[in-house]
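Please read the structure below before turning to the comments.
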Amino acid sequence: MTRSIRRWGSAALGMILVGAMVTACTSGGAGDEPNSDESSVPAAALEIMNQPQYSNGRWLISVKDLDTGEVLIDLDGDKMAEPASFTKTYSTGAAWLKWGPDHVITTPVKRTGEVADGTLNGDLVLVGKGDVTLGGRTKADGTVDFANLDHNDANPLPGATLTPENPLAGLDNLAAQVKASGIDTVSGNVVVDDRLFQGTLEGGPITPIVVNQNLIDVLVTPGAPGEPATVDMTPVVAPWRVVSDVQTVAAGADFAVSNPESAGDGTITISGTIAADSDPVLKVFVLDDPATFAKTAFIEALDRAGVSVSGDPTAVNSMASLPAKDAVDQLPSVAEFDSLPLAEQVTYIMKVSYNRGAQTYVCLLSAAAGVDDCSAGMDEVGRIWTEAGLDTLGVSLIDGSGLSGNFITPNNGVATQEIMAKRPDAERWRATMPILGVDGSLAAVQPDSPAAGSVHAKTGTLVAGDALNGRIRLATKALGGVMESKSGRNLAFTIMMTQGFASDIEGVLTANDDVGAVAAAIQQNY
């Protein structure tokens, strides 16, 4: 992976993953009394924190023993900083507190007419309910599958991979149920009802219908030098097709593959070069009309199941013929698909830091409160955490994913973990978070450390450019969760690093590892 990053250069800079923090510190040991300075920070952690690239920033750290309540480290624990994607512990945590880890979302298919002699004289209505995986990530054992570098990050970051599951599995399941219900022909059309909620994040839609995370995957595989690369599209859904101008260059050569773009009429274009000895390169096309994509994909799934639909499969989805949302809910169901339990959905969101998935739960909370534009979601997050005992004055959030503009104190981050640790499902919550040196966004962080496997924590990263000096500003790198210390203590912790700098992408990745090394030093010290 290091070779690939070096070859790709810094084109992905503004979207990558890290950040930094610091304050000049003096060493202290495990036996020091905890206070609001650096004296209780382990010497091994201080050595990392005092590196020159962090000299203009600051570190904020809070560590607490979950069993005794003892505060072990309080380094500006009451000061606010941006937590980046650690914010997801607040949004998904609120959903967990409200619905519990076994909560499932049922996606129904309704019919608007009567069935006679195998013909539905009306429409099928696929009702989006907010299932963020819709069967496309379900392993044989019923748990969620994920790649440590997920396809959601494929465009900015080299090295993303796909999981083997069929992204259309949920739609195929629903289509088979429609056939089994006695419907062979639909005289009308398929309509996707996505009125449960409508929101946006980073300019893209957040909707209750999600197929393949509303992405089309484009996998580029090199051929022989001088030959075109092979390009595969997943899932294959009309009218989408890929037109590629990617050429294979010599082994060892620098290469760059463009992000897929729409040329209109369902054509996705991709260009560039790929080295003959490169691993396949994954890119993604982000759909701006998830409902129409889901409609077409479902009509094609119905066709595979032996159900013909009279309506135009690639026409833009229209809900003009539908009754009110409540009336649709009362229509007869001909198929229903149950999501993975919430614990598995949260695992996917947390392990790969799935921004739109986290925001989907903010929208689901808003919809549950009766507001369909997602605007009540953050109010609900605050209300739920307040009822759970959190002092929400220690947190200021604007979204559920962790974009710039969210702020927390390290002490507040620890307090959320304290609340979750007291629940009977605490172990299941802990299991949703990336594990240091093992999986998810922490898979490549401190894999050889003795702390690997003992730290369960959510990462967070914000980066920006420094055009004046031609370097990368590490706006935030956060890590927070729980750990079992070397001596067996159960600790909750939050580490935030702000305003460090890196000269290139390698420096960004080093900073990512440095924050993990600070957590590892704390784990080993207590």
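Please note that chains go A, B, ... in the order of the structure tokens, that every chain numbers its residues from 1, and that ligands are numbered from 1 in the order shown.
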
task = Mind checking which residues fall within 12 Å of A:Ser375, counting only C-alpha atoms, ignoring those fewer than 3 positions away in the same chain, and posting them as a list in words?
result = Phe197, Gln198, Gly199, Thr200, Gln359, Thr360, Val362, Cys363, Leu364, Leu365, Ser366, Ala367, Ala368, Ala369, Gly370, Val371, Asp372, Met378, Asp379, Glu380, Val381, Ile398, Asp399 and Gly400 of chain A

Can I get the selection written as a PDB file, in the first residue's frame, with C-alpha atoms?
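After the write, again-v5.pdb holds the following:
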ATOM      1  CA  PHE A 197     -36.806  11.738   4.905  1.00  0.00           C
ATOM      2  CA  GLN A 198     -34.693  13.874   2.603  1.00  0.00           C
ATOM      3  CA  GLY A 199     -31.382  15.378   3.661  1.00  0.00           C
ATOM      4  CA  THR A 200     -27.982  16.319   2.324  1.00  0.00           C
ATOM      5  CA  GLN A 359     -26.043  10.950   8.821  1.00  0.00           C
ATOM      6  CA  THR A 360     -28.776   8.530   7.769  1.00  0.00           C
ATOM      7  CA  VAL A 362     -29.653  11.431  12.219  1.00  0.00           C
ATOM      8  CA  CYS A 363     -32.357  11.535   9.546  1.00  0.00           C
ATOM      9  CA  LEU A 364     -34.023   8.404  10.943  1.00  0.00           C
ATOM     10  CA  LEU A 365     -34.156  10.037  14.365  1.00  0.00           C
ATOM     11  CA  SER A 366     -35.707  13.113  12.760  1.00  0.00           C
ATOM     12  CA  ALA A 367     -38.283  10.995  10.931  1.00  0.00           C
ATOM     13  CA  ALA A 368     -39.146   9.208  14.179  1.00  0.00           C
ATOM     14  CA  ALA A 369     -39.838  12.641  15.656  1.00  0.00           C
ATOM     15  CA  GLY A 370     -42.198  13.384  12.772  1.00  0.00           C
ATOM     16  CA  VAL A 371     -39.923  15.674  10.741  1.00  0.00           C
ATOM     17  CA  ASP A 372     -39.039  14.480   7.233  1.00  0.00           C
ATOM     18  CA  MET A 378     -29.568  16.682  15.931  1.00  0.00           C
ATOM     19  CA  ASP A 379     -32.158  17.881  18.451  1.00  0.00           C
ATOM     20  CA  GLU A 380     -33.068  14.240  18.951  1.00  0.00           C
ATOM     21  CA  VAL A 381     -29.409  13.259  19.354  1.00  0.00           C
ATOM     22  CA  ILE A 398     -23.869  20.293  13.444  1.00  0.00           C
ATOM     23  CA  ASP A 399     -24.040  16.858  11.794  1.00  0.00           C
ATOM     24  CA  GLY A 400     -23.745  13.179  12.621  1.00  0.00           C
TER      25      GLY A 400
END

task = Please identify all polymer residues within 9 Å of A:Pro410, counting only C-alpha atoms, omitting same-chain residues fewer than 6 positions from it, and present them as a PyMOL selection string.
result = chain A and resi 60-63+74-81+83+394+480+493-496

inquiry  = Taking only stretch 102-251 of chain A into account, list the residues labelled alpha helix (DSSP H) by DSSP (computed from the backbone), as an MDAnalysis selection string.
reply    = chainID A and resid 169:180

key: All residues 12 Å or closer to A:Leu287, only C-alpha atoms, same chain fewer than 5 positions away omitted, as a count of residues only   = 23

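Considering only C-alpha atoms, the residue among A:Val286, A:Met483, A:Ala315, A:Leu302 positioned nearest to A:Arg430 is A:Met483.
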
inquiry  = Using only C-alpha atoms, which protein or nucleic acid residues come within 7 Å of A:Lys486? Drop anything in the same chain fewer than 4 positions from it, and give the result as a ChimeraX atom specification.
reply    = /A:523-524,526

message = As an exercise, work out the distance from atom CA of A:Pro156 to atom CA of A:Gly93 in Å and give it to one decimal place.
response = 27.4 Å

key: Contacts of stretch 117-133 of chain A within 7 Å, only C-alpha atoms, excl. fewer than 3 positions in-chain, as a PyMOL selection string   = chain A and resi 105-114+136-137+182-194+196+208-210+212-213+339+357+360+364

Would you write out those residues with N, CA and C atoms, as a compact mmCIF listing (two decimals), in the first residue's frame?
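Result saved to again.txt:
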# COMPACT_ATOMS: atom_id res chain seq x y z
N ILE A 105 -34.71 -2.67 10.57
CA ILE A 105 -35.51 -1.84 9.69
C ILE A 105 -36.13 -2.75 8.62
N THR A 106 -37.42 -2.67 8.45
CA THR A 106 -38.11 -3.49 7.46
C THR A 106 -38.44 -2.66 6.24
N THR A 107 -37.90 -3.07 5.11
CA THR A 107 -38.17 -2.41 3.83
C THR A 107 -39.28 -3.18 3.12
N PRO A 108 -40.46 -2.56 2.93
CA PRO A 108 -41.56 -3.29 2.30
C PRO A 108 -41.72 -2.96 0.81
N VAL A 109 -42.36 -3.89 0.12
CA VAL A 109 -42.86 -3.62 -1.23
C VAL A 109 -44.38 -3.69 -1.15
N LYS A 110 -45.05 -2.61 -1.51
CA LYS A 110 -46.50 -2.52 -1.46
C LYS A 110 -47.08 -2.63 -2.87
N ARG A 111 -48.37 -2.92 -2.95
CA ARG A 111 -49.05 -2.91 -4.25
C ARG A 111 -50.24 -1.95 -4.19
N THR A 112 -50.48 -1.27 -5.31
CA THR A 112 -51.58 -0.28 -5.34
C THR A 112 -52.85 -0.83 -5.95
N GLY A 113 -52.79 -1.99 -6.58
CA GLY A 113 -53.99 -2.57 -7.20
C GLY A 113 -54.21 -4.00 -6.76
N GLU A 114 -55.12 -4.64 -7.45
CA GLU A 114 -55.46 -6.03 -7.14
C GLU A 114 -54.72 -6.98 -8.09
N GLY A 136 -26.66 -6.05 0.95
CA GLY A 136 -25.48 -6.07 0.12
C GLY A 136 -24.17 -6.25 0.86
N ARG A 137 -24.23 -6.34 2.18
CA ARG A 137 -23.03 -6.51 3.01
C ARG A 137 -23.18 -7.67 3.98
N GLY A 182 -47.45 -14.59 -5.99
CA GLY A 182 -48.41 -14.86 -7.05
C GLY A 182 -48.43 -13.83 -8.16
N ILE A 183 -47.51 -12.90 -8.14
CA ILE A 183 -47.46 -11.86 -9.18
C ILE A 183 -46.45 -12.27 -10.25
N ASP A 184 -46.91 -12.38 -11.48
CA ASP A 184 -46.04 -12.68 -12.62
C ASP A 184 -45.85 -11.47 -13.52
N THR A 185 -46.83 -10.58 -13.50
CA THR A 185 -46.81 -9.41 -14.39
C THR A 185 -47.33 -8.20 -13.62
N VAL A 186 -46.67 -7.06 -13.85
CA VAL A 186 -47.12 -5.79 -13.27
C VAL A 186 -47.57 -4.90 -14.41
N SER A 187 -48.86 -4.58 -14.46
CA SER A 187 -49.39 -3.79 -15.57
C SER A 187 -48.95 -2.34 -15.49
N GLY A 188 -48.63 -1.90 -14.29
CA GLY A 188 -48.19 -0.52 -14.10
C GLY A 188 -46.68 -0.40 -14.08
N ASN A 189 -46.15 0.17 -13.01
CA ASN A 189 -44.73 0.44 -12.93
C ASN A 189 -44.22 0.12 -11.53
N VAL A 190 -42.95 0.29 -11.33
CA VAL A 190 -42.36 0.28 -9.99
C VAL A 190 -42.10 1.72 -9.58
N VAL A 191 -42.50 2.04 -8.38
CA VAL A 191 -42.26 3.38 -7.84
C VAL A 191 -41.48 3.24 -6.54
N VAL A 192 -40.44 4.02 -6.40
CA VAL A 192 -39.69 4.06 -5.14
C VAL A 192 -40.20 5.23 -4.32
N ASP A 193 -40.71 4.93 -3.14
CA ASP A 193 -41.22 5.96 -2.23
C ASP A 193 -40.09 6.29 -1.24
N ASP A 194 -39.45 7.43 -1.45
CA ASP A 194 -38.35 7.83 -0.57
C ASP A 194 -38.71 9.06 0.25
N LEU A 196 -39.71 9.18 3.36
CA LEU A 196 -39.52 9.08 4.81
C LEU A 196 -38.69 10.23 5.31
N PRO A 208 -33.72 7.58 2.20
CA PRO A 208 -34.00 6.31 2.87
C PRO A 208 -33.87 5.08 1.98
N ILE A 209 -33.54 5.28 0.72
CA ILE A 209 -33.28 4.13 -0.15
C ILE A 209 -31.79 4.11 -0.47
N VAL A 210 -31.15 3.00 -0.13
CA VAL A 210 -29.69 2.90 -0.28
C VAL A 210 -29.36 1.55 -0.91
N ASN A 212 -26.11 -0.38 -2.57
CA ASN A 212 -24.65 -0.32 -2.74
C ASN A 212 -24.09 1.02 -2.26
N GLN A 213 -24.64 1.52 -1.14
CA GLN A 213 -24.25 2.82 -0.60
C GLN A 213 -24.43 3.92 -1.64
N SER A 339 -33.56 -5.64 7.69
CA SER A 339 -32.15 -5.24 7.69
C SER A 339 -31.36 -6.08 8.68
N GLY A 357 -23.78 7.02 6.13
CA GLY A 357 -24.50 6.10 7.00
C GLY A 357 -24.80 6.71 8.35
N THR A 360 -27.48 9.19 7.97
CA THR A 360 -28.78 8.53 7.77
C THR A 360 -29.47 8.30 9.11
N LEU A 364 -33.05 9.35 10.39
CA LEU A 364 -34.02 8.40 10.94
C LEU A 364 -34.56 8.89 12.28

Sel. of strand (DSSP E or B) residues, stretch 24-183 of chain A, as a PyMOL selection string = chain A and resi 28+42+58-65+71-75+81+106-111+114-116+119-121+124-127+138+144

message = What's around stretch 343-355 of chain A at 7 Å? Count only C-alpha atoms, leave out sequence neighbours fewer than 2 positions away in its own chain, and write the answer as JSON, numbers by chain.
response = {"A": [85, 92, 101, 102, 143, 144, 146, 148, 149, 150, 340, 341, 357, 358, 359, 401, 432, 433, 434, 440, 441, 458]}

Resulting file, chosen residues, N, CA and C atoms, as a compact mmCIF listing (two decimals), in the first residue's frame:
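Just written: again-v7.txt:
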# COMPACT_ATOMS: atom_id res chain seq x y z
N SER A 85 -14.52 12.42 12.70
CA SER A 85 -15.44 11.28 12.63
C SER A 85 -15.70 10.59 13.96
N THR A 92 -24.59 7.56 16.05
CA THR A 92 -24.99 6.15 16.12
C THR A 92 -25.27 5.73 17.55
N PRO A 101 -29.50 -2.48 20.18
CA PRO A 101 -28.67 -3.11 19.14
C PRO A 101 -29.38 -4.13 18.27
N ASP A 102 -30.53 -4.63 18.70
CA ASP A 102 -31.24 -5.65 17.92
C ASP A 102 -32.31 -5.07 17.01
N THR A 143 -23.63 -11.64 9.81
CA THR A 143 -22.95 -10.43 10.27
C THR A 143 -22.59 -9.57 9.06
N VAL A 144 -22.20 -8.34 9.34
CA VAL A 144 -21.88 -7.40 8.27
C VAL A 144 -20.44 -7.58 7.81
N PHE A 146 -17.10 -5.87 5.75
CA PHE A 146 -16.54 -4.56 5.44
C PHE A 146 -15.09 -4.74 5.01
N ASN A 148 -11.33 -2.98 5.15
CA ASN A 148 -10.67 -2.02 6.05
C ASN A 148 -10.55 -0.64 5.42
N LEU A 149 -10.34 -0.58 4.10
CA LEU A 149 -10.44 0.68 3.37
C LEU A 149 -11.61 0.52 2.41
N ASP A 150 -12.73 1.13 2.76
CA ASP A 150 -14.02 0.87 2.13
C ASP A 150 -14.16 1.60 0.80
N LEU A 340 -30.06 -5.97 8.58
CA LEU A 340 -29.21 -6.46 9.67
C LEU A 340 -29.57 -5.71 10.94
N PRO A 341 -29.36 -6.32 12.11
CA PRO A 341 -29.62 -5.59 13.36
C PRO A 341 -28.81 -4.31 13.42
N GLY A 357 -23.78 7.02 6.13
CA GLY A 357 -24.50 6.10 7.00
C GLY A 357 -24.80 6.71 8.35
N ALA A 358 -23.81 7.40 8.93
CA ALA A 358 -24.03 8.05 10.21
C ALA A 358 -25.09 9.13 10.09
N GLN A 359 -25.05 9.90 9.00
CA GLN A 359 -26.04 10.95 8.82
C GLN A 359 -27.42 10.37 8.57
N SER A 401 -21.88 13.01 11.07
CA SER A 401 -20.78 12.29 10.44
C SER A 401 -19.41 12.75 10.89
N THR A 432 -18.31 -2.66 17.96
CA THR A 432 -18.58 -1.92 16.73
C THR A 432 -17.39 -1.06 16.31
N MET A 433 -16.52 -0.72 17.24
CA MET A 433 -15.44 0.23 16.95
C MET A 433 -14.22 -0.47 16.35
N PRO A 434 -13.46 0.25 15.52
CA PRO A 434 -12.21 -0.31 14.99
C PRO A 434 -11.30 -0.75 16.13
N GLY A 440 -10.71 -2.33 10.35
CA GLY A 440 -11.30 -1.04 10.07
C GLY A 440 -10.26 0.04 9.87
N SER A 441 -10.59 1.25 10.27
CA SER A 441 -9.69 2.38 10.08
C SER A 441 -8.47 2.34 10.98
N LYS A 458 -12.91 4.80 17.95
CA LYS A 458 -13.32 5.45 16.70
C LYS A 458 -12.31 6.51 16.32

query = Got a sec: who's within 12 Å of A:Glu70, counting only C-alpha atoms, leaving out chain neighbours fewer than 2 positions off, as a list in words?
reply = Glu33, Pro34, Asn35, Ser62, Val63, Lys64, Asp65, Leu66, Asp67, Thr68, Leu72, Ile73, Asp74, Arg489, Asn490, Leu491 and Ala492 of chain A

query = Expressed in Å to a single decimal, how great is the separation between atom CA of A:Trp59 and atom CA of A:Ala451?
reply =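 Separation of atom CA of A:Trp59 and atom CA of A:Ala451: 20.6 Å.
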
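Straight-line separation from atom CA of A:Thr409 to atom CA of A:Pro450: 28.3 Å.
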
ask   = Which one is closest to A:Val218: A:Gly311, A:Pro239, A:Pro280, A:Gly142? Count only C-alpha atoms.
value =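 So, comparing all the options, the nearest one is A:Pro280.
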